[in-house]
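Note: the block below is work_8.cif and it holds mmCIF, C-alpha atoms; chains and numbers go by the auth columns.
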```
data_coords
#
loop_
_atom_site.group_PDB
_atom_site.id
_atom_site.type_symbol
_atom_site.label_atom_id
_atom_site.label_comp_id
_atom_site.label_asym_id
_atom_site.label_seq_id
_atom_site.Cartn_x
_atom_site.Cartn_y
_atom_site.Cartn_z
_atom_site.B_iso_or_equiv
_atom_site.auth_seq_id
_atom_site.auth_asym_id
ATOM 1 C CA PRO A 1 52.515 -113.387 -29.005 0.00 1 A
ATOM 2 C CA PRO A 2 50.695 -110.104 -29.696 0.00 2 A
ATOM 3 C CA PRO A 3 48.084 -110.204 -32.445 0.00 3 A
ATOM 4 C CA PRO A 4 49.222 -109.041 -35.860 0.00 4 A
ATOM 5 C CA PRO A 5 48.378 -105.460 -36.821 0.00 5 A
ATOM 6 C CA PRO A 6 45.219 -104.995 -38.851 0.00 6 A
ATOM 7 C CA PRO A 7 45.728 -104.863 -42.606 0.00 7 A
ATOM 8 C CA PRO A 8 45.599 -101.441 -44.261 0.00 8 A
ATOM 9 C CA PRO A 9 42.288 -100.486 -45.817 0.00 9 A
ATOM 10 C CA PRO A 10 41.968 -101.790 -49.369 0.00 10 A
ATOM 11 C CA SER A 11 42.367 -99.410 -52.257 0.00 11 A
ATOM 12 C CA SER A 12 39.076 -99.259 -54.132 0.00 12 A
ATOM 13 C CA PHE A 13 38.796 -97.843 -57.653 0.00 13 A
ATOM 14 C CA SER A 14 35.421 -97.062 -59.131 0.00 14 A
ATOM 15 C CA LYS A 15 35.681 -98.531 -62.614 0.00 15 A
ATOM 16 C CA SER A 16 32.204 -97.332 -63.481 0.00 16 A
ATOM 17 C CA MET A 17 33.382 -93.731 -63.145 0.00 17 A
ATOM 18 C CA ALA A 18 36.594 -94.001 -65.169 0.00 18 A
ATOM 19 C CA ASP A 19 36.335 -96.986 -67.499 0.00 19 A
ATOM 20 C CA ASP A 20 38.609 -96.950 -70.546 0.00 20 A
ATOM 21 C CA LEU A 21 39.584 -93.311 -70.077 0.00 21 A
ATOM 22 C CA PRO A 22 43.090 -91.930 -70.630 0.00 22 A
ATOM 23 C CA PRO A 23 44.923 -90.800 -67.465 0.00 23 A
ATOM 24 C CA GLU A 24 44.708 -87.143 -68.487 0.00 24 A
ATOM 25 C CA ASP A 25 40.868 -87.325 -68.229 0.00 25 A
ATOM 26 C CA VAL A 26 40.786 -88.893 -64.763 0.00 26 A
ATOM 27 C CA MET A 27 41.434 -87.527 -61.304 0.00 27 A
ATOM 28 C CA VAL A 28 42.630 -89.866 -58.546 0.00 28 A
ATOM 29 C CA TRP A 29 41.468 -88.942 -55.069 0.00 29 A
ATOM 30 C CA THR A 30 41.957 -90.618 -51.687 0.00 30 A
ATOM 31 C CA ASP A 31 39.363 -90.056 -48.989 0.00 31 A
ATOM 32 C CA ARG A 32 40.254 -89.691 -45.327 0.00 32 A
ATOM 33 C CA ASP A 33 39.342 -93.355 -44.728 0.00 33 A
ATOM 34 C CA GLY A 34 42.168 -94.422 -47.060 0.00 34 A
ATOM 35 C CA ILE A 35 39.987 -95.520 -49.967 0.00 35 A
ATOM 36 C CA THR A 36 41.150 -94.270 -53.351 0.00 36 A
ATOM 37 C CA TYR A 37 38.799 -93.422 -56.213 0.00 37 A
ATOM 38 C CA LYS A 38 39.252 -92.821 -59.901 0.00 38 A
ATOM 39 C CA ILE A 39 36.757 -90.219 -61.058 0.00 39 A
ATOM 40 C CA SER A 40 36.350 -88.986 -64.603 0.00 40 A
ATOM 41 C CA PHE A 41 36.441 -85.251 -65.172 0.00 41 A
ATOM 42 C CA GLN A 42 32.834 -85.371 -66.398 0.00 42 A
ATOM 43 C CA HIS A 43 31.663 -86.959 -63.132 0.00 43 A
ATOM 44 C CA ALA A 44 33.604 -84.352 -61.149 0.00 44 A
ATOM 45 C CA LYS A 45 32.077 -81.495 -63.175 0.00 45 A
ATOM 46 C CA LEU A 46 28.587 -82.868 -62.603 0.00 46 A
ATOM 47 C CA LEU A 47 29.192 -83.061 -58.861 0.00 47 A
ATOM 48 C CA TYR A 48 30.487 -79.483 -58.920 0.00 48 A
ATOM 49 C CA ILE A 49 27.295 -78.317 -60.656 0.00 49 A
ATOM 50 C CA VAL A 50 25.125 -79.888 -57.953 0.00 50 A
ATOM 51 C CA SER A 51 27.265 -78.339 -55.194 0.00 51 A
ATOM 52 C CA HIS A 52 26.304 -74.840 -56.371 0.00 52 A
ATOM 53 C CA TYR A 53 22.631 -75.534 -55.610 0.00 53 A
ATOM 54 C CA ALA A 54 22.435 -78.285 -52.998 0.00 54 A
ATOM 55 C CA ARG A 55 24.718 -79.421 -50.199 0.00 55 A
ATOM 56 C CA ALA A 56 24.441 -81.514 -47.074 0.00 56 A
ATOM 57 C CA SER A 57 24.464 -79.408 -43.919 0.00 57 A
ATOM 58 C CA ILE A 58 27.584 -79.449 -41.783 0.00 58 A
ATOM 59 C CA LYS A 59 26.045 -77.829 -38.688 0.00 59 A
ATOM 60 C CA ASP A 60 22.889 -78.478 -36.705 0.00 60 A
ATOM 61 C CA ASN A 61 21.545 -74.993 -37.397 0.00 61 A
ATOM 62 C CA GLN A 62 22.367 -75.117 -41.123 0.00 62 A
ATOM 63 C CA PRO A 63 19.403 -76.068 -43.353 0.00 63 A
ATOM 64 C CA GLU A 64 19.642 -78.859 -45.906 0.00 64 A
ATOM 65 C CA THR A 65 19.490 -77.755 -49.533 0.00 65 A
ATOM 66 C CA TRP A 66 18.296 -79.923 -52.446 0.00 66 A
ATOM 67 C CA MET A 67 17.808 -79.566 -56.197 0.00 67 A
ATOM 68 C CA ARG A 68 15.375 -81.483 -58.394 0.00 68 A
ATOM 69 C CA GLN A 69 16.787 -83.807 -61.015 0.00 69 A
ATOM 70 C CA LEU A 70 14.620 -82.180 -63.696 0.00 70 A
ATOM 71 C CA GLN A 71 16.401 -78.850 -63.235 0.00 71 A
ATOM 72 C CA LEU A 72 19.735 -80.672 -63.283 0.00 72 A
ATOM 73 C CA ASP A 73 18.777 -82.318 -66.587 0.00 73 A
ATOM 74 C CA VAL A 74 18.293 -78.836 -68.067 0.00 74 A
ATOM 75 C CA LEU A 75 21.654 -77.623 -66.759 0.00 75 A
ATOM 76 C CA ILE A 76 23.379 -80.716 -68.153 0.00 76 A
ATOM 77 C CA PHE A 77 21.850 -79.958 -71.562 0.00 77 A
ATOM 78 C CA GLU A 78 23.059 -76.353 -71.347 0.00 78 A
ATOM 79 C CA GLY A 79 26.542 -77.578 -70.437 0.00 79 A
ATOM 80 C CA ILE A 80 26.573 -79.879 -73.457 0.00 80 A
ATOM 81 C CA LEU A 81 25.567 -77.037 -75.786 0.00 81 A
ATOM 82 C CA ALA A 82 28.327 -74.892 -74.273 0.00 82 A
ATOM 83 C CA ARG A 83 30.801 -77.742 -74.974 0.00 83 A
ATOM 84 C CA LYS A 84 31.718 -77.923 -71.301 0.00 84 A
ATOM 85 C CA LEU A 85 30.230 -81.385 -70.659 0.00 85 A
ATOM 86 C CA ASP A 86 31.219 -84.305 -72.867 0.00 86 A
ATOM 87 C CA PHE A 87 27.853 -86.084 -72.817 0.00 87 A
ATOM 88 C CA ASP A 88 25.345 -86.953 -75.504 0.00 88 A
ATOM 89 C CA TYR A 89 21.589 -86.366 -75.402 0.00 89 A
ATOM 90 C CA ALA A 90 18.454 -87.622 -77.121 0.00 90 A
ATOM 91 C CA PRO A 91 14.739 -86.764 -76.977 0.00 91 A
ATOM 92 C CA GLU A 92 12.730 -88.524 -74.296 0.00 92 A
ATOM 93 C CA SER A 93 9.113 -88.276 -73.224 0.00 93 A
ATOM 94 C CA THR A 94 8.916 -86.709 -69.773 0.00 94 A
ATOM 95 C CA ILE A 95 6.236 -85.507 -67.384 0.00 95 A
ATOM 96 C CA GLN A 96 6.753 -81.914 -66.276 0.00 96 A
ATOM 97 C CA PRO A 97 4.929 -80.324 -63.342 0.00 97 A
ATOM 98 C CA ILE A 98 3.371 -76.921 -64.050 0.00 98 A
ATOM 99 C CA ILE A 99 2.698 -74.967 -60.856 0.00 99 A
ATOM 100 C CA GLU A 100 -0.616 -73.096 -60.983 0.00 100 A
ATOM 101 C CA GLU A 101 -2.364 -70.958 -58.402 0.00 101 A
ATOM 102 C CA GLU A 102 -4.004 -73.740 -56.399 0.00 102 A
ATOM 103 C CA ALA A 103 -2.592 -76.989 -57.804 0.00 103 A
ATOM 104 C CA VAL A 104 0.174 -78.636 -59.799 0.00 104 A
ATOM 105 C CA ARG A 105 -0.723 -79.725 -63.324 0.00 105 A
ATOM 106 C CA CYS A 106 1.413 -82.305 -65.138 0.00 106 A
ATOM 107 C CA VAL A 107 2.203 -82.051 -68.844 0.00 107 A
ATOM 108 C CA ARG A 108 3.889 -84.699 -70.967 0.00 108 A
ATOM 109 C CA GLN A 109 6.500 -83.275 -73.342 0.00 109 A
ATOM 110 C CA TYR A 110 9.547 -84.445 -75.220 0.00 110 A
ATOM 111 C CA MET A 111 12.766 -83.194 -73.698 0.00 111 A
ATOM 112 C CA ASN A 112 16.440 -83.590 -74.596 0.00 112 A
ATOM 113 C CA ILE A 113 17.773 -85.864 -71.863 0.00 113 A
ATOM 114 C CA SER A 114 21.365 -87.027 -71.464 0.00 114 A
ATOM 115 C CA GLN A 115 21.313 -90.661 -70.444 0.00 115 A
ATOM 116 C CA GLU A 116 25.093 -90.461 -70.003 0.00 116 A
ATOM 117 C CA GLY A 117 24.546 -87.601 -67.587 0.00 117 A
ATOM 118 C CA ARG A 118 21.937 -89.561 -65.642 0.00 118 A
ATOM 119 C CA SER A 119 24.239 -92.572 -65.566 0.00 119 A
ATOM 120 C CA ALA A 120 26.928 -90.342 -64.064 0.00 120 A
ATOM 121 C CA ILE A 121 24.417 -89.222 -61.421 0.00 121 A
ATOM 122 C CA TYR A 122 23.766 -92.858 -60.503 0.00 122 A
ATOM 123 C CA ASP A 123 27.524 -93.526 -60.328 0.00 123 A
ATOM 124 C CA LEU A 124 28.074 -90.568 -57.992 0.00 124 A
ATOM 125 C CA THR A 125 25.151 -91.663 -55.822 0.00 125 A
ATOM 126 C CA GLU A 126 26.377 -95.250 -55.635 0.00 126 A
ATOM 127 C CA GLN A 127 29.831 -94.109 -54.534 0.00 127 A
ATOM 128 C CA GLY A 128 28.382 -91.774 -51.892 0.00 128 A
ATOM 129 C CA PHE A 129 29.305 -88.450 -53.488 0.00 129 A
ATOM 130 C CA LEU A 130 25.641 -87.503 -53.961 0.00 130 A
ATOM 131 C CA ASN A 131 22.664 -87.931 -51.666 0.00 131 A
ATOM 132 C CA THR A 132 19.258 -88.530 -53.224 0.00 132 A
ATOM 133 C CA LEU A 133 15.748 -88.014 -51.898 0.00 133 A
ATOM 134 C CA ARG A 134 12.504 -89.146 -53.517 0.00 134 A
ATOM 135 C CA LEU A 135 9.748 -86.568 -53.119 0.00 135 A
ATOM 136 C CA PRO A 136 6.070 -87.572 -53.491 0.00 136 A
ATOM 137 C CA SER A 137 3.442 -85.196 -54.815 0.00 137 A
ATOM 138 C CA THR A 138 -0.321 -84.903 -54.585 0.00 138 A
ATOM 139 C CA ASN A 139 -0.818 -86.207 -58.149 0.00 139 A
ATOM 140 C CA LEU A 140 0.667 -89.605 -57.228 0.00 140 A
ATOM 141 C CA LEU A 141 3.909 -88.834 -59.054 0.00 141 A
ATOM 142 C CA SER A 142 7.332 -88.563 -57.483 0.00 142 A
ATOM 143 C CA THR A 143 10.527 -86.738 -58.295 0.00 143 A
ATOM 144 C CA ILE A 144 14.137 -87.150 -57.240 0.00 144 A
ATOM 145 C CA ALA A 145 16.096 -84.462 -55.420 0.00 145 A
ATOM 146 C CA LEU A 146 19.881 -84.387 -55.151 0.00 146 A
ATOM 147 C CA GLN A 147 22.557 -82.807 -53.007 0.00 147 A
ATOM 148 C CA ALA A 148 26.339 -83.025 -52.695 0.00 148 A
ATOM 149 C CA SER A 149 27.218 -85.170 -49.684 0.00 149 A
ATOM 150 C CA HIS A 150 29.938 -84.466 -47.142 0.00 150 A
ATOM 151 C CA LYS A 151 32.132 -86.940 -49.015 0.00 151 A
ATOM 152 C CA GLY A 152 31.379 -85.174 -52.278 0.00 152 A
ATOM 153 C CA MET A 153 32.361 -81.809 -50.836 0.00 153 A
ATOM 154 C CA ARG A 154 35.674 -83.261 -49.644 0.00 154 A
ATOM 155 C CA LEU A 155 36.302 -84.451 -53.199 0.00 155 A
ATOM 156 C CA LEU A 156 35.538 -80.997 -54.588 0.00 156 A
ATOM 157 C CA ASP A 157 38.212 -79.506 -52.330 0.00 157 A
ATOM 158 C CA ALA A 158 40.714 -81.307 -54.581 0.00 158 A
ATOM 159 C CA LEU A 159 39.001 -80.380 -57.856 0.00 159 A
ATOM 160 C CA PRO A 160 41.445 -78.871 -60.373 0.00 160 A
ATOM 161 C CA PRO A 161 40.819 -75.143 -60.958 0.00 161 A
ATOM 162 C CA LEU A 162 40.468 -75.681 -64.721 0.00 162 A
ATOM 163 C CA LEU A 163 37.438 -77.926 -64.178 0.00 163 A
ATOM 164 C CA ARG A 164 35.858 -75.318 -61.925 0.00 164 A
ATOM 165 C CA TYR A 165 36.419 -72.692 -64.609 0.00 165 A
ATOM 166 C CA ASP A 166 34.808 -74.866 -67.293 0.00 166 A
ATOM 167 C CA VAL A 167 31.646 -75.264 -65.227 0.00 167 A
ATOM 168 C CA ASP A 168 31.461 -71.685 -63.976 0.00 168 A
ATOM 169 C CA GLU A 169 31.830 -70.374 -67.522 0.00 169 A
ATOM 170 C CA PHE A 170 28.359 -71.639 -68.486 0.00 170 A
ATOM 171 C CA LEU A 171 26.737 -71.808 -65.048 0.00 171 A
ATOM 172 C CA PHE A 172 27.014 -68.074 -64.399 0.00 172 A
ATOM 173 C CA SER A 173 25.667 -65.288 -66.596 0.00 173 A
ATOM 174 C CA LYS A 174 28.356 -63.550 -68.611 0.00 174 A
ATOM 175 C CA PRO A 175 28.393 -60.094 -66.994 0.00 175 A
ATOM 176 C CA GLY A 176 28.597 -61.529 -63.511 0.00 176 A
ATOM 177 C CA HIS A 177 31.139 -64.072 -64.654 0.00 177 A
ATOM 178 C CA MET A 178 33.519 -61.424 -66.012 0.00 178 A
ATOM 179 C CA ARG A 179 33.249 -59.326 -62.862 0.00 179 A
ATOM 180 C CA ALA A 180 33.736 -62.388 -60.713 0.00 180 A
ATOM 181 C CA PHE A 181 36.740 -63.541 -62.728 0.00 181 A
ATOM 182 C CA LEU A 182 38.547 -60.301 -61.935 0.00 182 A
ATOM 183 C CA LYS A 183 37.753 -60.742 -58.235 0.00 183 A
ATOM 184 C CA ASP A 184 38.556 -64.468 -58.273 0.00 184 A
ATOM 185 C CA MET A 185 35.061 -65.287 -57.029 0.00 185 A
ATOM 186 C CA HIS A 186 31.546 -65.511 -58.449 0.00 186 A
ATOM 187 C CA PRO A 187 28.682 -63.365 -57.164 0.00 187 A
ATOM 188 C CA VAL A 188 25.810 -65.554 -56.092 0.00 188 A
ATOM 189 C CA ARG A 189 23.341 -63.286 -57.846 0.00 189 A
ATOM 190 C CA ASP A 190 24.763 -64.302 -61.248 0.00 190 A
ATOM 191 C CA LEU A 191 24.195 -68.032 -60.712 0.00 191 A
ATOM 192 C CA LYS A 192 21.710 -69.410 -63.256 0.00 192 A
ATOM 193 C CA HIS A 193 18.514 -71.048 -61.996 0.00 193 A
ATOM 194 C CA VAL A 194 15.952 -73.097 -63.916 0.00 194 A
ATOM 195 C CA ILE A 195 12.274 -72.152 -63.674 0.00 195 A
ATOM 196 C CA ILE A 196 9.447 -74.234 -65.152 0.00 196 A
ATOM 197 C CA ASP A 197 6.524 -72.470 -66.791 0.00 197 A
ATOM 198 C CA GLU A 198 3.856 -73.325 -69.360 0.00 198 A
ATOM 199 C CA GLN A 199 6.228 -72.634 -72.254 0.00 199 A
ATOM 200 C CA GLY A 200 9.022 -74.840 -70.969 0.00 200 A
ATOM 201 C CA PHE A 201 12.140 -73.949 -69.027 0.00 201 A
ATOM 202 C CA LEU A 202 13.386 -70.464 -68.300 0.00 202 A
ATOM 203 C CA ILE A 203 16.949 -69.793 -67.140 0.00 203 A
ATOM 204 C CA VAL A 204 17.199 -66.742 -64.867 0.00 204 A
ATOM 205 C CA THR A 205 19.521 -65.087 -62.371 0.00 205 A
ATOM 206 C CA GLU A 206 18.861 -62.719 -59.499 0.00 206 A
ATOM 207 C CA ASN A 207 20.652 -59.990 -61.465 0.00 207 A
ATOM 208 C CA GLY A 208 17.986 -59.973 -64.170 0.00 208 A
ATOM 209 C CA PHE A 209 19.441 -62.382 -66.724 0.00 209 A
ATOM 210 C CA GLU A 210 16.678 -64.292 -68.522 0.00 210 A
ATOM 211 C CA GLU A 211 16.930 -66.840 -71.334 0.00 211 A
ATOM 212 C CA ARG A 212 14.637 -69.531 -72.723 0.00 212 A
ATOM 213 C CA SER A 213 16.266 -72.969 -72.733 0.00 213 A
ATOM 214 C CA GLU A 214 16.151 -75.007 -75.948 0.00 214 A
ATOM 215 C CA VAL A 215 15.940 -78.267 -74.050 0.00 215 A
ATOM 216 C CA LEU A 216 12.434 -78.854 -75.488 0.00 216 A
ATOM 217 C CA PHE A 217 13.575 -78.230 -79.075 0.00 217 A
ATOM 218 C CA ILE A 218 13.793 -81.667 -80.673 0.00 218 A
ATOM 219 C CA GLU A 219 16.287 -81.927 -83.513 0.00 219 A
ATOM 220 C CA ASP A 220 15.863 -84.082 -86.603 0.00 220 A
ATOM 221 C CA ILE A 221 17.473 -87.481 -86.156 0.00 221 A
ATOM 222 C CA SER A 222 19.775 -89.024 -88.733 0.00 222 A
ATOM 223 C CA TYR A 223 18.053 -92.393 -88.848 0.00 223 A
ATOM 224 C CA VAL A 224 14.614 -93.947 -89.238 0.00 224 A
ATOM 225 C CA THR A 225 13.084 -97.253 -88.245 0.00 225 A
ATOM 226 C CA SER A 226 10.859 -99.614 -90.172 0.00 226 A
ATOM 227 C CA PRO A 227 8.413 -102.157 -88.730 0.00 227 A
ATOM 228 C CA PHE A 228 9.150 -105.850 -89.048 0.00 228 A
ATOM 229 C CA LEU A 229 7.022 -108.898 -88.273 0.00 229 A
ATOM 230 C CA PRO A 230 7.994 -112.519 -89.104 0.00 230 A
ATOM 231 C CA TRP A 231 5.909 -114.117 -91.855 0.00 231 A
ATOM 232 C CA SER A 232 4.676 -116.755 -89.420 0.00 232 A
ATOM 233 C CA LEU A 233 2.889 -114.049 -87.442 0.00 233 A
ATOM 234 C CA ARG A 234 1.370 -112.150 -90.357 0.00 234 A
ATOM 235 C CA ARG A 235 -2.245 -112.600 -91.377 0.00 235 A
ATOM 236 C CA SER A 236 -1.654 -111.611 -95.021 0.00 236 A
ATOM 237 C CA GLU A 237 1.110 -111.280 -97.572 0.00 237 A
ATOM 238 C CA ALA A 238 0.941 -107.493 -97.604 0.00 238 A
ATOM 239 C CA GLN A 239 4.330 -105.826 -97.496 0.00 239 A
ATOM 240 C CA MET A 240 5.216 -103.824 -94.401 0.00 240 A
ATOM 241 C CA ARG A 241 6.103 -100.166 -94.650 0.00 241 A
ATOM 242 C CA ASP A 242 9.698 -99.389 -95.645 0.00 242 A
ATOM 243 C CA ASN A 243 10.918 -96.044 -94.255 0.00 243 A
ATOM 244 C CA SER A 244 14.456 -96.184 -95.650 0.00 244 A
ATOM 245 C CA THR A 245 13.566 -93.658 -98.350 0.00 245 A
ATOM 246 C CA ARG A 246 12.936 -91.020 -95.665 0.00 246 A
ATOM 247 C CA VAL A 247 16.619 -90.785 -94.732 0.00 247 A
ATOM 248 C CA ASP A 248 18.154 -87.565 -96.043 0.00 248 A
ATOM 249 C CA GLY A 249 21.329 -87.737 -98.072 0.00 249 A
#
```
Exercise: express the given structure as structure tokens:
Amino acid sequence: PPPPPPPPPPSSFSKSMADDLPPEDVMVWTDRDGITYKISFQHAKLLYIVSHYARASIKDNQPETWMRQLQLDVLIFEGILARKLDFDYAPESTIQPIIEEEAVRCVRQYMNISQEGRSAIYDLTEQGFLNTLRLPSTNLLSTIALQASHKGMRLLDALPPLLRYDVDEFLFSKPGHMRAFLKDMHPVRDLKHVIIDEQGFLIVTENGFEERSEVLFIEDISYVTSPFLPWSLRRSEAQMRDNSTRVDG
């Protein structure tokens, strides 16, 4: 007898990208290989942000484009402040490269980083929607560059228009955004870019928009910590510092 037909490809849902989310916050997308994914709107927005700056080439004569994760961290923070990305952020010590005339100098500064945003980046990379590239530097440090993969661009073809609007509303400068909205397209010259200088991060466009990002502004936290060491490890009976009185309110 003839062999039985091959089984259909299994349906695979990415739980890490849509765990415990209501259906109205999740998009379901099936790739051309028959595999189905559940992607949260926040993951889809993040992928859409990357696609504005970095994409995998689709032709031999088309150059590859990449964006550094540090610049993406700044854009994620700006999206959170604009209430377009539903992530949280917290201060984190980071090393920032400062480009000088003949060399690159590294400076350690505290920066508001969204760990939820970075986790979403890892999810998108693991599922093949983002490509990553580790770039070495002369000071023995390395940085990560990202781009939307071919698979990621196919997903964005099915992205709901409302999600595109949410991202474009903060990713483009306002004058260019209003003109583009009337024409149903965004001028490339109004797309915001992140530049690193000695004072921090500057957000600029080719049309002359310039704004200092507040990503380095560390807010007061609503909690404090106090040291603790078991009595068996202490060398004296001196009381340890209690910082609970420093909490406001």
Atomic distance CA of Met153 in chain A - CA of Ser213 in chain A, expressed in Å with one decimal: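 Spanning CA of Met153 in chain A to CA of Ser213 in chain A is a straight-line distance of 28.6 Å.
Using the PyMOL selection byres ((chain A and resi 108) around 9) on this structure selects Ser93, Thr94, Ile95, Gln96, Pro97, Cys106, Val107, Gln109 and Tyr110 of chain A.
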Quick one: residues within 10 Å of Leu21 in chain A, all atoms listed in the file, excluding same-chain residues fewer than 4 positions away - as a PDB file with C-alpha atoms, in the frame of the given file?
```
ATOM      1  CA  LYS A  15      35.681 -98.531 -62.614  1.00  0.00           C
ATOM      2  CA  MET A  17      33.382 -93.731 -63.145  1.00  0.00           C
ATOM      3  CA  ASP A  25      40.868 -87.325 -68.229  1.00  0.00           C
ATOM      4  CA  VAL A  26      40.786 -88.893 -64.763  1.00  0.00           C
ATOM      5  CA  ILE A  39      36.757 -90.219 -61.058  1.00  0.00           C
ATOM      6  CA  SER A  40      36.350 -88.986 -64.603  1.00  0.00           C
ATOM      7  CA  PHE A  41      36.441 -85.251 -65.172  1.00  0.00           C
TER       8      PHE A  41
END
```
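Closest approach to Arg83 in chain A among A:Val167, A:Met67, A:Ile113, A:Leu156: A:Val167, based on only C-alpha atoms.
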8 Å contact set for Ser244 in chain A, only C-alpha atoms, chain neighbours under 5 positions out, as a PyMOL selection string: chain A and resi 224-226
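Each of A:Phe129, A:Tyr122, A:Tyr89, A:Phe77 was checked against Leu155 in chain A using all atoms listed in the file; the smallest atom-to-atom distance is that of A:Phe129.
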Residue members of the PyMOL selection byres ((chain A and resi 45) around 9) in the file shown, as a PyMOL selection string: chain A and resi 40-44+46-50+84-85+159+163-164+166-167
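Note that the spacing between CA of Phe217 in chain A and CA of Trp66 in chain A amounts to 27.1 Å.
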d(CA of Gln147 in chain A, CA of Pro23 in chain A) in Å: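 Interatomic distance here is 27.8 Å.
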